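> A single structure is presented below for examination.
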Amino acid sequence: MSPTTGPDPVIRLGYHGSVEVAHAIARLAGPGHAEVCTSAYDVVDPFHGVRTGGLDVMIVKFSLREPDLAASRVLAYDGRAAVVGARHPLAERASVSIEELADYSTFQRPGIFPDYVWDEVVPPRTPAGRPIDRRHQVSDIPRMMALVAEGEAVHISLASLADVAPPAVRIVPIHDLPPAPVVLAWRRGTELPAHVREFITAAEEAASR
């Protein structure tokens with residue numbers, strides 16, 4: 001802390017799932033920025049932190065169509081993957097098709113998570129038109145992982161969940177779904193602190209190289 005400028009600035013960065021994705025964005029922006037303080041946000045109400053001022057920016061994947069939120073350029077991509085139990089028939093596969101996953105029950109959207117985003121996370125139908133059974137309801141990753149480990153469900157999700165998967169769960173790439181774009185989002189219409197704007201700009205510039 002400087003005696004003349006007060007506390008050193010901090011970038012409050014929200015993430016969900018793997019914190020390694022947040023760390024990768026911080027590395028992308030490079031050194032010389034304010035300290036990045038990561039905080040997991042609740043997927044039940046994912047935008048609460050930036051809307052109430054508890055977070056400066058948050059990591060968002062897939063589409064963002066919230067009128068009160070602004071987004072950066074695409075900074076990275078997160079591959080698609082199926083989360084299955086270690087004893088599941090698909091667990092030892094090198095990759096799977098989304099068409100195969102229609103044979104198994106999956107998860108409903110949690111809380112007030114936007115339905116237009118969940119339709120990208122867990123599509124209601126496969127490209128061939130097969131319905132996907134979005135049956136199970138959970139509100140956090142540990143409970144989801146527990147159901148998957150018990151063989152009650154599979155989760156259509158992202159490769160980065162390998163960072164938080166317990167030993168009883170396997171993450172199997174889905175080879176016929178496009179990866180999810182990763183962006184930073186913040187509340188529109190509010191003036192971001194200079195150190196936060198600089199962080200976003202540096203990450204965008206590095207991603208575009």
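All residue names refer to the structure tokens as shown: chains lettered A, B, ... in order, residues numbered from 1 in each chain, ligands numbered from 1 in order.
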If we count only C-alpha atoms and set the cut-off at 7 Å, which residues sit around stretch 183-191 of chain A, ignoring sequence neighbours fewer than 2 positions away in its own chain? Please answer as a PyMOL selection string.
chain A and resi 50-51+56-61+68-75+181+193
> Please report, as a PyMOL selection string, each residue of stretch 17-121 of chain A to which DSSP assigns strand (DSSP E or B) when run on this structure's backbone.
chain A and resi 35-40+57-61+69-71+76-78+80-85+96+106-107
> Once you have the residues from the selection above, write them out as an mmCIF file, in the first residue's frame, restricted to N, CA, C and O atoms.

```
data_model
loop_
_atom_site.group_PDB
_atom_site.id
_atom_site.type_symbol
_atom_site.label_atom_id
_atom_site.label_comp_id
_atom_site.auth_asym_id
_atom_site.auth_seq_id
_atom_site.Cartn_x
_atom_site.Cartn_y
_atom_site.Cartn_z
ATOM 1 N N GLU A 35 -3.431 -6.583 -9.086
ATOM 2 C CA GLU A 35 -3.638 -7.953 -8.607
ATOM 3 C C GLU A 35 -5.023 -8.452 -9.028
ATOM 4 O O GLU A 35 -6.018 -7.725 -8.931
ATOM 5 N N VAL A 36 -5.084 -9.690 -9.504
ATOM 6 C CA VAL A 36 -6.360 -10.290 -9.893
ATOM 7 C C VAL A 36 -6.840 -11.182 -8.761
ATOM 8 O O VAL A 36 -6.158 -12.141 -8.370
ATOM 9 N N CYS A 37 -8.006 -10.863 -8.213
ATOM 10 C CA CYS A 37 -8.612 -11.644 -7.148
ATOM 11 C C CYS A 37 -9.769 -12.429 -7.743
ATOM 12 O O CYS A 37 -10.774 -11.835 -8.162
ATOM 13 N N THR A 38 -9.642 -13.751 -7.826
ATOM 14 C CA THR A 38 -10.682 -14.574 -8.436
ATOM 15 C C THR A 38 -11.726 -14.977 -7.398
ATOM 16 O O THR A 38 -11.412 -15.195 -6.223
ATOM 17 N N SER A 39 -12.965 -15.079 -7.867
ATOM 18 C CA SER A 39 -14.069 -15.449 -6.992
ATOM 19 C C SER A 39 -15.067 -16.270 -7.786
ATOM 20 O O SER A 39 -15.498 -15.850 -8.866
ATOM 21 N N ALA A 40 -15.443 -17.431 -7.276
ATOM 22 C CA ALA A 40 -16.406 -18.290 -7.968
ATOM 23 C C ALA A 40 -17.800 -17.694 -7.839
ATOM 24 O O ALA A 40 -18.229 -17.332 -6.740
ATOM 25 N N VAL A 57 -15.447 -7.724 -13.247
ATOM 26 C CA VAL A 57 -15.665 -8.430 -14.511
ATOM 27 C C VAL A 57 -15.872 -9.908 -14.191
ATOM 28 O O VAL A 57 -15.515 -10.386 -13.117
ATOM 29 N N MET A 58 -16.440 -10.622 -15.149
ATOM 30 C CA MET A 58 -16.655 -12.049 -14.966
ATOM 31 C C MET A 58 -16.359 -12.773 -16.266
ATOM 32 O O MET A 58 -16.428 -12.195 -17.355
ATOM 33 N N ILE A 59 -16.003 -14.038 -16.145
ATOM 34 C CA ILE A 59 -15.799 -14.878 -17.318
ATOM 35 C C ILE A 59 -17.145 -15.432 -17.761
ATOM 36 O O ILE A 59 -17.904 -15.970 -16.952
ATOM 37 N N VAL A 60 -17.443 -15.268 -19.045
ATOM 38 C CA VAL A 60 -18.681 -15.777 -19.636
ATOM 39 C C VAL A 60 -18.313 -16.668 -20.808
ATOM 40 O O VAL A 60 -17.397 -16.346 -21.583
ATOM 41 N N LYS A 61 -19.036 -17.773 -20.946
ATOM 42 C CA LYS A 61 -18.833 -18.685 -22.073
ATOM 43 C C LYS A 61 -20.156 -18.812 -22.832
ATOM 44 O O LYS A 61 -21.218 -18.617 -22.268
ATOM 45 N N LEU A 69 -25.348 -5.851 -19.847
ATOM 46 C CA LEU A 69 -23.960 -6.290 -19.739
ATOM 47 C C LEU A 69 -23.227 -6.089 -21.056
ATOM 48 O O LEU A 69 -23.785 -6.302 -22.131
ATOM 49 N N ALA A 70 -21.972 -5.675 -20.958
ATOM 50 C CA ALA A 70 -21.088 -5.538 -22.121
ATOM 51 C C ALA A 70 -20.069 -6.666 -22.085
ATOM 52 O O ALA A 70 -19.805 -7.250 -21.034
ATOM 53 N N ALA A 71 -19.491 -6.962 -23.239
ATOM 54 C CA ALA A 71 -18.547 -8.084 -23.315
ATOM 55 C C ALA A 71 -17.322 -7.701 -24.124
ATOM 56 O O ALA A 71 -17.380 -6.871 -25.038
ATOM 57 N N ALA A 76 -10.546 -16.671 -25.714
ATOM 58 C CA ALA A 76 -10.111 -18.067 -25.752
ATOM 59 C C ALA A 76 -11.309 -18.927 -26.106
ATOM 60 O O ALA A 76 -12.425 -18.414 -26.280
ATOM 61 N N TYR A 77 -11.063 -20.225 -26.198
ATOM 62 C CA TYR A 77 -12.142 -21.181 -26.444
ATOM 63 C C TYR A 77 -11.990 -22.344 -25.470
ATOM 64 O O TYR A 77 -10.880 -22.740 -25.117
ATOM 65 N N ASP A 78 -13.136 -22.869 -25.035
ATOM 66 C CA ASP A 78 -13.171 -24.015 -24.129
ATOM 67 C C ASP A 78 -13.854 -25.162 -24.870
ATOM 68 O O ASP A 78 -15.011 -25.044 -25.288
ATOM 69 N N ARG A 80 -15.714 -28.689 -25.907
ATOM 70 C CA ARG A 80 -16.886 -29.357 -25.359
ATOM 71 C C ARG A 80 -16.524 -30.764 -24.902
ATOM 72 O O ARG A 80 -15.686 -31.435 -25.496
ATOM 73 N N ALA A 81 -17.186 -31.211 -23.841
ATOM 74 C CA ALA A 81 -16.884 -32.523 -23.279
ATOM 75 C C ALA A 81 -18.097 -33.074 -22.547
ATOM 76 O O ALA A 81 -18.968 -32.323 -22.097
ATOM 77 N N ALA A 82 -18.131 -34.391 -22.442
ATOM 78 C CA ALA A 82 -19.149 -35.079 -21.645
ATOM 79 C C ALA A 82 -18.536 -35.454 -20.301
ATOM 80 O O ALA A 82 -17.414 -35.951 -20.231
ATOM 81 N N VAL A 83 -19.284 -35.185 -19.253
ATOM 82 C CA VAL A 83 -18.870 -35.557 -17.903
ATOM 83 C C VAL A 83 -19.614 -36.840 -17.557
ATOM 84 O O VAL A 83 -20.846 -36.848 -17.469
ATOM 85 N N VAL A 84 -18.889 -37.935 -17.379
ATOM 86 C CA VAL A 84 -19.501 -39.245 -17.136
ATOM 87 C C VAL A 84 -18.818 -39.931 -15.963
ATOM 88 O O VAL A 84 -17.685 -39.601 -15.602
ATOM 89 N N GLY A 85 -19.510 -40.886 -15.369
ATOM 90 C CA GLY A 85 -18.922 -41.663 -14.288
ATOM 91 C C GLY A 85 -17.806 -42.557 -14.799
ATOM 92 O O GLY A 85 -17.777 -42.946 -15.976
ATOM 93 N N VAL A 96 -16.525 -38.638 -27.951
ATOM 94 C CA VAL A 96 -17.887 -39.109 -28.203
ATOM 95 C C VAL A 96 -18.598 -38.115 -29.106
ATOM 96 O O VAL A 96 -18.183 -36.959 -29.250
ATOM 97 N N THR A 106 -29.649 -36.044 -18.878
ATOM 98 C CA THR A 106 -28.727 -34.949 -18.563
ATOM 99 C C THR A 106 -29.407 -33.983 -17.579
ATOM 100 O O THR A 106 -30.337 -34.363 -16.869
ATOM 101 N N PHE A 107 -28.943 -32.729 -17.561
ATOM 102 C CA PHE A 107 -29.375 -31.798 -16.526
ATOM 103 C C PHE A 107 -30.218 -30.641 -17.060
ATOM 104 O O PHE A 107 -29.990 -30.142 -18.158
#
```
> Could you check which of A:Trp118, A:Thr201, A:Phe47, A:Ala180 is closest to A:Pro67, using only C-alpha atoms?
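Going through A:Trp118, A:Thr201, A:Phe47, A:Ala180 one by one, the smallest distance to A:Pro67 is for A:Phe47.
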> Just the residues within 9 Å of A:Leu101, please, counting only C-alpha atoms, with nothing from its chain fewer than 6 positions along; format it as a PyMOL selection string.
chain A and resi 82+126+132+154+156
> Can you tell me, as a list in words, what residues are no more than 7 Å from A:Val196 when counting only C-alpha atoms, ignoring any on the same chain fewer than 4 positions away?
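My reading of the contact set: Ile11, Leu192 and Ile200 of chain A.
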> If you run DSSP on the backbone, which residues of stretch 101-174 of chain A are helix (DSSP H, G or I), as an NGL selection string?
:A and (101 or 115-121 or 141-149 or 159-163)
> Take the residues from that selection and write them out as a PDB file, in the first residue's frame, keeping N, CA and C atoms.

```
ATOM      1  N   LEU A 101     -24.857 -39.096 -26.899  1.00  0.00           N
ATOM      2  CA  LEU A 101     -25.239 -38.628 -25.576  1.00  0.00           C
ATOM      3  C   LEU A 101     -26.745 -38.508 -25.415  1.00  0.00           C
ATOM      4  N   ASP A 115     -31.966 -19.322 -20.202  1.00  0.00           N
ATOM      5  CA  ASP A 115     -32.311 -20.500 -20.995  1.00  0.00           C
ATOM      6  C   ASP A 115     -31.624 -20.494 -22.353  1.00  0.00           C
ATOM      7  N   TYR A 116     -31.380 -19.297 -22.937  1.00  0.00           N
ATOM      8  CA  TYR A 116     -30.739 -19.255 -24.256  1.00  0.00           C
ATOM      9  C   TYR A 116     -29.290 -19.734 -24.185  1.00  0.00           C
ATOM     10  N   VAL A 117     -28.636 -19.549 -23.029  1.00  0.00           N
ATOM     11  CA  VAL A 117     -27.274 -20.070 -22.853  1.00  0.00           C
ATOM     12  C   VAL A 117     -27.318 -21.575 -22.588  1.00  0.00           C
ATOM     13  N   TRP A 118     -28.258 -22.006 -21.745  1.00  0.00           N
ATOM     14  CA  TRP A 118     -28.330 -23.433 -21.432  1.00  0.00           C
ATOM     15  C   TRP A 118     -28.623 -24.267 -22.679  1.00  0.00           C
ATOM     16  N   ASP A 119     -29.368 -23.685 -23.622  1.00  0.00           N
ATOM     17  CA  ASP A 119     -29.625 -24.408 -24.875  1.00  0.00           C
ATOM     18  C   ASP A 119     -28.331 -24.642 -25.661  1.00  0.00           C
ATOM     19  N   GLU A 120     -27.318 -23.839 -25.425  1.00  0.00           N
ATOM     20  CA  GLU A 120     -26.011 -24.075 -26.043  1.00  0.00           C
ATOM     21  C   GLU A 120     -25.190 -25.057 -25.208  1.00  0.00           C
ATOM     22  N   VAL A 121     -25.311 -24.960 -23.887  1.00  0.00           N
ATOM     23  CA  VAL A 121     -24.568 -25.871 -23.016  1.00  0.00           C
ATOM     24  C   VAL A 121     -25.095 -27.300 -23.197  1.00  0.00           C
ATOM     25  N   ILE A 141     -21.744 -27.611  -8.747  1.00  0.00           N
ATOM     26  CA  ILE A 141     -20.889 -28.603  -9.400  1.00  0.00           C
ATOM     27  C   ILE A 141     -20.684 -29.847  -8.533  1.00  0.00           C
ATOM     28  N   PRO A 142     -20.426 -29.740  -7.222  1.00  0.00           N
ATOM     29  CA  PRO A 142     -20.229 -30.963  -6.442  1.00  0.00           C
ATOM     30  C   PRO A 142     -21.410 -31.929  -6.512  1.00  0.00           C
ATOM     31  N   ARG A 143     -22.644 -31.425  -6.437  1.00  0.00           N
ATOM     32  CA  ARG A 143     -23.801 -32.311  -6.512  1.00  0.00           C
ATOM     33  C   ARG A 143     -23.932 -32.905  -7.911  1.00  0.00           C
ATOM     34  N   MET A 144     -23.656 -32.099  -8.931  1.00  0.00           N
ATOM     35  CA  MET A 144     -23.697 -32.614 -10.300  1.00  0.00           C
ATOM     36  C   MET A 144     -22.681 -33.738 -10.472  1.00  0.00           C
ATOM     37  N   MET A 145     -21.460 -33.516  -9.986  1.00  0.00           N
ATOM     38  CA  MET A 145     -20.425 -34.534 -10.095  1.00  0.00           C
ATOM     39  C   MET A 145     -20.827 -35.802  -9.344  1.00  0.00           C
ATOM     40  N   ALA A 146     -21.501 -35.652  -8.205  1.00  0.00           N
ATOM     41  CA  ALA A 146     -21.920 -36.816  -7.428  1.00  0.00           C
ATOM     42  C   ALA A 146     -22.934 -37.644  -8.199  1.00  0.00           C
ATOM     43  N   LEU A 147     -23.909 -36.997  -8.828  1.00  0.00           N
ATOM     44  CA  LEU A 147     -24.901 -37.731  -9.618  1.00  0.00           C
ATOM     45  C   LEU A 147     -24.252 -38.438 -10.798  1.00  0.00           C
ATOM     46  N   VAL A 148     -23.322 -37.758 -11.427  1.00  0.00           N
ATOM     47  CA  VAL A 148     -22.613 -38.364 -12.554  1.00  0.00           C
ATOM     48  C   VAL A 148     -21.807 -39.574 -12.082  1.00  0.00           C
ATOM     49  N   ALA A 149     -21.097 -39.437 -10.977  1.00  0.00           N
ATOM     50  CA  ALA A 149     -20.283 -40.539 -10.461  1.00  0.00           C
ATOM     51  C   ALA A 149     -21.132 -41.750 -10.100  1.00  0.00           C
ATOM     52  N   ALA A 159     -14.538 -28.929 -21.507  1.00  0.00           N
ATOM     53  CA  ALA A 159     -13.314 -29.669 -21.207  1.00  0.00           C
ATOM     54  C   ALA A 159     -12.618 -29.162 -19.954  1.00  0.00           C
ATOM     55  N   SER A 160     -12.773 -27.887 -19.632  1.00  0.00           N
ATOM     56  CA  SER A 160     -12.091 -27.325 -18.465  1.00  0.00           C
ATOM     57  C   SER A 160     -12.570 -27.919 -17.152  1.00  0.00           C
ATOM     58  N   LEU A 161     -13.718 -28.609 -17.149  1.00  0.00           N
ATOM     59  CA  LEU A 161     -14.174 -29.241 -15.909  1.00  0.00           C
ATOM     60  C   LEU A 161     -13.237 -30.354 -15.461  1.00  0.00           C
ATOM     61  N   ALA A 162     -12.340 -30.784 -16.344  1.00  0.00           N
ATOM     62  CA  ALA A 162     -11.331 -31.766 -15.927  1.00  0.00           C
ATOM     63  C   ALA A 162     -10.515 -31.245 -14.747  1.00  0.00           C
ATOM     64  N   ASP A 163     -10.395 -29.928 -14.620  1.00  0.00           N
ATOM     65  CA  ASP A 163      -9.611 -29.341 -13.534  1.00  0.00           C
ATOM     66  C   ASP A 163     -10.267 -29.547 -12.166  1.00  0.00           C
TER      67      ASP A 163
END
```
> Pick from A:Arg65, A:Glu152, A:Ala168, A:Leu158: nearest to A:Gly17, with only C-alpha atoms counted?
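Of all the options, A:Leu158 lies closest to A:Gly17.
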> Using only C-alpha atoms, which residues sit within 12 Å of A:Arg93 once same-chain residues fewer than 2 positions away are excluded, as a PDB file with all heavy atoms, in the first residue's frame?

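Writing done, so here's around-v2.pdb:
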```
ATOM      1  N   ALA A  81     -17.186 -31.211 -23.841  1.00  0.00           N
ATOM      2  CA  ALA A  81     -16.884 -32.523 -23.279  1.00  0.00           C
ATOM      3  C   ALA A  81     -18.097 -33.074 -22.547  1.00  0.00           C
ATOM      4  O   ALA A  81     -18.968 -32.323 -22.097  1.00  0.00           O
ATOM      5  CB  ALA A  81     -15.695 -32.437 -22.320  1.00  0.00           C
ATOM      6  N   ALA A  82     -18.131 -34.391 -22.442  1.00  0.00           N
ATOM      7  CA  ALA A  82     -19.149 -35.079 -21.645  1.00  0.00           C
ATOM      8  C   ALA A  82     -18.536 -35.454 -20.301  1.00  0.00           C
ATOM      9  O   ALA A  82     -17.414 -35.951 -20.231  1.00  0.00           O
ATOM     10  CB  ALA A  82     -19.626 -36.329 -22.366  1.00  0.00           C
ATOM     11  N   VAL A  83     -19.284 -35.185 -19.253  1.00  0.00           N
ATOM     12  CA  VAL A  83     -18.870 -35.557 -17.903  1.00  0.00           C
ATOM     13  C   VAL A  83     -19.614 -36.840 -17.557  1.00  0.00           C
ATOM     14  O   VAL A  83     -20.846 -36.848 -17.469  1.00  0.00           O
ATOM     15  CB  VAL A  83     -19.201 -34.438 -16.899  1.00  0.00           C
ATOM     16  CG1 VAL A  83     -18.660 -34.779 -15.512  1.00  0.00           C
ATOM     17  CG2 VAL A  83     -18.645 -33.101 -17.376  1.00  0.00           C
ATOM     18  N   VAL A  84     -18.889 -37.935 -17.379  1.00  0.00           N
ATOM     19  CA  VAL A  84     -19.501 -39.245 -17.136  1.00  0.00           C
ATOM     20  C   VAL A  84     -18.818 -39.931 -15.963  1.00  0.00           C
ATOM     21  O   VAL A  84     -17.685 -39.601 -15.602  1.00  0.00           O
ATOM     22  CB  VAL A  84     -19.418 -40.154 -18.393  1.00  0.00           C
ATOM     23  CG1 VAL A  84     -20.077 -39.490 -19.587  1.00  0.00           C
ATOM     24  CG2 VAL A  84     -17.968 -40.507 -18.722  1.00  0.00           C
ATOM     25  N   ALA A  86     -16.885 -42.914 -13.920  1.00  0.00           N
ATOM     26  CA  ALA A  86     -15.728 -43.717 -14.306  1.00  0.00           C
ATOM     27  C   ALA A  86     -16.128 -45.093 -14.829  1.00  0.00           C
ATOM     28  O   ALA A  86     -15.384 -45.705 -15.593  1.00  0.00           O
ATOM     29  CB  ALA A  86     -14.784 -43.871 -13.117  1.00  0.00           C
ATOM     30  N   ARG A  87     -17.304 -45.583 -14.463  1.00  0.00           N
ATOM     31  CA  ARG A  87     -17.779 -46.898 -14.915  1.00  0.00           C
ATOM     32  C   ARG A  87     -18.785 -46.789 -16.061  1.00  0.00           C
ATOM     33  O   ARG A  87     -19.358 -47.802 -16.466  1.00  0.00           O
ATOM     34  CB  ARG A  87     -18.394 -47.654 -13.742  1.00  0.00           C
ATOM     35  CG  ARG A  87     -17.407 -47.949 -12.614  1.00  0.00           C
ATOM     36  CD  ARG A  87     -18.053 -48.755 -11.507  1.00  0.00           C
ATOM     37  NE  ARG A  87     -17.104 -49.038 -10.427  1.00  0.00           N
ATOM     38  CZ  ARG A  87     -17.420 -49.726  -9.326  1.00  0.00           C
ATOM     39  NH1 ARG A  87     -18.652 -50.185  -9.164  1.00  0.00           N
ATOM     40  NH2 ARG A  87     -16.498 -49.938  -8.406  1.00  0.00           N
ATOM     41  N   HIS A  88     -18.990 -45.603 -16.547  1.00  0.00           N
ATOM     42  CA  HIS A  88     -19.954 -45.395 -17.630  1.00  0.00           C
ATOM     43  C   HIS A  88     -19.433 -46.045 -18.919  1.00  0.00           C
ATOM     44  O   HIS A  88     -18.211 -46.083 -19.150  1.00  0.00           O
ATOM     45  CB  HIS A  88     -20.162 -43.894 -17.845  1.00  0.00           C
ATOM     46  CG  HIS A  88     -21.324 -43.556 -18.712  1.00  0.00           C
ATOM     47  ND1 HIS A  88     -21.253 -43.535 -20.087  1.00  0.00           N
ATOM     48  CD2 HIS A  88     -22.610 -43.247 -18.394  1.00  0.00           C
ATOM     49  CE1 HIS A  88     -22.428 -43.213 -20.572  1.00  0.00           C
ATOM     50  NE2 HIS A  88     -23.272 -43.033 -19.581  1.00  0.00           N
ATOM     51  N   PRO A  89     -20.327 -46.534 -19.798  1.00  0.00           N
ATOM     52  CA  PRO A  89     -19.887 -47.145 -21.055  1.00  0.00           C
ATOM     53  C   PRO A  89     -19.027 -46.248 -21.934  1.00  0.00           C
ATOM     54  O   PRO A  89     -18.240 -46.744 -22.746  1.00  0.00           O
ATOM     55  CB  PRO A  89     -21.206 -47.508 -21.753  1.00  0.00           C
ATOM     56  CG  PRO A  89     -22.202 -47.636 -20.651  1.00  0.00           C
ATOM     57  CD  PRO A  89     -21.788 -46.668 -19.603  1.00  0.00           C
ATOM     58  N   LEU A  90     -19.165 -44.913 -21.789  1.00  0.00           N
ATOM     59  CA  LEU A  90     -18.399 -43.985 -22.613  1.00  0.00           C
ATOM     60  C   LEU A  90     -17.105 -43.506 -21.939  1.00  0.00           C
ATOM     61  O   LEU A  90     -16.361 -42.733 -22.534  1.00  0.00           O
ATOM     62  CB  LEU A  90     -19.255 -42.769 -22.971  1.00  0.00           C
ATOM     63  CG  LEU A  90     -20.562 -43.042 -23.723  1.00  0.00           C
ATOM     64  CD1 LEU A  90     -21.337 -41.739 -23.918  1.00  0.00           C
ATOM     65  CD2 LEU A  90     -20.294 -43.705 -25.064  1.00  0.00           C
ATOM     66  N   ALA A  91     -16.853 -43.956 -20.718  1.00  0.00           N
ATOM     67  CA  ALA A  91     -15.786 -43.361 -19.912  1.00  0.00           C
ATOM     68  C   ALA A  91     -14.400 -43.526 -20.510  1.00  0.00           C
ATOM     69  O   ALA A  91     -13.535 -42.655 -20.329  1.00  0.00           O
ATOM     70  CB  ALA A  91     -15.812 -43.945 -18.506  1.00  0.00           C
ATOM     71  N   SER A  95     -13.163 -39.918 -27.579  1.00  0.00           N
ATOM     72  CA  SER A  95     -14.118 -38.840 -27.787  1.00  0.00           C
ATOM     73  C   SER A  95     -15.479 -39.469 -28.040  1.00  0.00           C
ATOM     74  O   SER A  95     -15.588 -40.663 -28.320  1.00  0.00           O
ATOM     75  CB  SER A  95     -13.712 -37.934 -28.958  1.00  0.00           C
ATOM     76  OG  SER A  95     -13.858 -38.605 -30.199  1.00  0.00           O
ATOM     77  N   VAL A  96     -16.525 -38.638 -27.951  1.00  0.00           N
ATOM     78  CA  VAL A  96     -17.887 -39.109 -28.203  1.00  0.00           C
ATOM     79  C   VAL A  96     -18.598 -38.115 -29.106  1.00  0.00           C
ATOM     80  O   VAL A  96     -18.183 -36.959 -29.250  1.00  0.00           O
ATOM     81  CB  VAL A  96     -18.689 -39.305 -26.904  1.00  0.00           C
ATOM     82  CG1 VAL A  96     -18.082 -40.383 -26.040  1.00  0.00           C
ATOM     83  CG2 VAL A  96     -18.779 -37.991 -26.125  1.00  0.00           C
ATOM     84  N   SER A  97     -19.717 -38.559 -29.680  1.00  0.00           N
ATOM     85  CA  SER A  97     -20.585 -37.696 -30.480  1.00  0.00           C
ATOM     86  C   SER A  97     -21.749 -37.219 -29.631  1.00  0.00           C
ATOM     87  O   SER A  97     -22.249 -37.945 -28.753  1.00  0.00           O
ATOM     88  CB  SER A  97     -21.108 -38.467 -31.700  1.00  0.00           C
ATOM     89  OG  SER A  97     -22.177 -37.768 -32.308  1.00  0.00           O
ATOM     90  N   GLU A 100     -24.595 -39.683 -29.579  1.00  0.00           N
ATOM     91  CA  GLU A 100     -24.544 -40.778 -28.615  1.00  0.00           C
ATOM     92  C   GLU A 100     -25.065 -40.345 -27.252  1.00  0.00           C
ATOM     93  O   GLU A 100     -25.652 -41.151 -26.512  1.00  0.00           O
ATOM     94  CB  GLU A 100     -23.116 -41.279 -28.462  1.00  0.00           C
ATOM     95  CG  GLU A 100     -22.493 -41.872 -29.703  1.00  0.00           C
ATOM     96  CD  GLU A 100     -21.034 -42.203 -29.490  1.00  0.00           C
ATOM     97  OE1 GLU A 100     -20.180 -41.310 -29.705  1.00  0.00           O
ATOM     98  OE2 GLU A 100     -20.755 -43.354 -29.102  1.00  0.00           O
ATOM     99  N   ARG A 170     -15.057 -39.002 -15.307  1.00  0.00           N
ATOM    100  CA  ARG A 170     -14.199 -38.843 -16.476  1.00  0.00           C
ATOM    101  C   ARG A 170     -14.735 -37.710 -17.353  1.00  0.00           C
ATOM    102  O   ARG A 170     -15.949 -37.514 -17.455  1.00  0.00           O
ATOM    103  CB  ARG A 170     -14.152 -40.134 -17.304  1.00  0.00           C
ATOM    104  CG  ARG A 170     -13.617 -41.338 -16.557  1.00  0.00           C
ATOM    105  CD  ARG A 170     -12.127 -41.215 -16.294  1.00  0.00           C
ATOM    106  NE  ARG A 170     -11.611 -42.401 -15.630  1.00  0.00           N
ATOM    107  CZ  ARG A 170     -11.518 -42.537 -14.304  1.00  0.00           C
ATOM    108  NH1 ARG A 170     -11.922 -41.550 -13.515  1.00  0.00           N
ATOM    109  NH2 ARG A 170     -11.033 -43.640 -13.766  1.00  0.00           N
ATOM    110  N   ILE A 171     -13.829 -36.983 -17.995  1.00  0.00           N
ATOM    111  CA  ILE A 171     -14.176 -35.911 -18.925  1.00  0.00           C
ATOM    112  C   ILE A 171     -13.793 -36.385 -20.322  1.00  0.00           C
ATOM    113  O   ILE A 171     -12.605 -36.570 -20.608  1.00  0.00           O
ATOM    114  CB  ILE A 171     -13.435 -34.601 -18.583  1.00  0.00           C
ATOM    115  CG1 ILE A 171     -13.615 -34.245 -17.098  1.00  0.00           C
ATOM    116  CG2 ILE A 171     -13.932 -33.477 -19.480  1.00  0.00           C
ATOM    117  CD1 ILE A 171     -15.033 -34.003 -16.657  1.00  0.00           C
ATOM    118  N   VAL A 172     -14.791 -36.591 -21.184  1.00  0.00           N
ATOM    119  CA  VAL A 172     -14.568 -37.159 -22.510  1.00  0.00           C
ATOM    120  C   VAL A 172     -14.905 -36.102 -23.566  1.00  0.00           C
ATOM    121  O   VAL A 172     -16.030 -35.598 -23.593  1.00  0.00           O
ATOM    122  CB  VAL A 172     -15.444 -38.413 -22.732  1.00  0.00           C
ATOM    123  CG1 VAL A 172     -15.127 -39.051 -24.077  1.00  0.00           C
ATOM    124  CG2 VAL A 172     -15.247 -39.418 -21.598  1.00  0.00           C
ATOM    125  N   PRO A 173     -13.965 -35.742 -24.432  1.00  0.00           N
ATOM    126  CA  PRO A 173     -14.236 -34.718 -25.446  1.00  0.00           C
ATOM    127  C   PRO A 173     -15.418 -35.090 -26.345  1.00  0.00           C
ATOM    128  O   PRO A 173     -15.623 -36.258 -26.685  1.00  0.00           O
ATOM    129  CB  PRO A 173     -12.938 -34.671 -26.254  1.00  0.00           C
ATOM    130  CG  PRO A 173     -11.888 -35.184 -25.322  1.00  0.00           C
ATOM    131  CD  PRO A 173     -12.564 -36.224 -24.475  1.00  0.00           C
ATOM    132  N   ILE A 174     -16.206 -34.078 -26.711  1.00  0.00           N
ATOM    133  CA  ILE A 174     -17.288 -34.229 -27.692  1.00  0.00           C
ATOM    134  C   ILE A 174     -16.755 -33.681 -29.007  1.00  0.00           C
ATOM    135  O   ILE A 174     -16.472 -32.481 -29.118  1.00  0.00           O
ATOM    136  CB  ILE A 174     -18.555 -33.472 -27.257  1.00  0.00           C
ATOM    137  CG1 ILE A 174     -19.053 -33.996 -25.904  1.00  0.00           C
ATOM    138  CG2 ILE A 174     -19.648 -33.593 -28.323  1.00  0.00           C
ATOM    139  CD1 ILE A 174     -20.198 -33.180 -25.319  1.00  0.00           C
ATOM    140  N   HIS A 175     -16.627 -34.543 -30.020  1.00  0.00           N
ATOM    141  CA  HIS A 175     -15.929 -34.126 -31.232  1.00  0.00           C
ATOM    142  C   HIS A 175     -16.804 -33.401 -32.246  1.00  0.00           C
ATOM    143  O   HIS A 175     -16.274 -32.848 -33.216  1.00  0.00           O
ATOM    144  CB  HIS A 175     -15.241 -35.322 -31.902  1.00  0.00           C
ATOM    145  CG  HIS A 175     -16.170 -36.444 -32.253  1.00  0.00           C
ATOM    146  ND1 HIS A 175     -16.125 -37.659 -31.601  1.00  0.00           N
ATOM    147  CD2 HIS A 175     -17.155 -36.544 -33.175  1.00  0.00           C
ATOM    148  CE1 HIS A 175     -17.031 -38.469 -32.124  1.00  0.00           C
ATOM    149  NE2 HIS A 175     -17.664 -37.809 -33.079  1.00  0.00           N
TER     150      HIS A 175
END
```
> Skipping near chain neighbours, those fewer than 3 positions away, what residues fall within 10 Å of A:Pro110 using only C-alpha atoms, listed as a list in words?
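The residues satisfying every condition are Asp42, Val43, Val44, Asp45, Pro46, Phe107, Phe113, Pro114, Asp115, Trp118, His136, Gln137, Val138, Ser139 and Asp140 of chain A.
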> Of the candidates A:Ser105, A:Ala202, A:Gly14, A:Ala24, which one gets nearest to A:Asp133 if we count only C-alpha atoms?
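Selected residue with least distance to A:Asp133: A:Ser105.
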> Any idea what the distance is between atom CA of A:Ser208 and atom CA of A:Ser157?
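Answer for the atom CA of A:Ser208 to atom CA of A:Ser157 separation: 25.8 Å.
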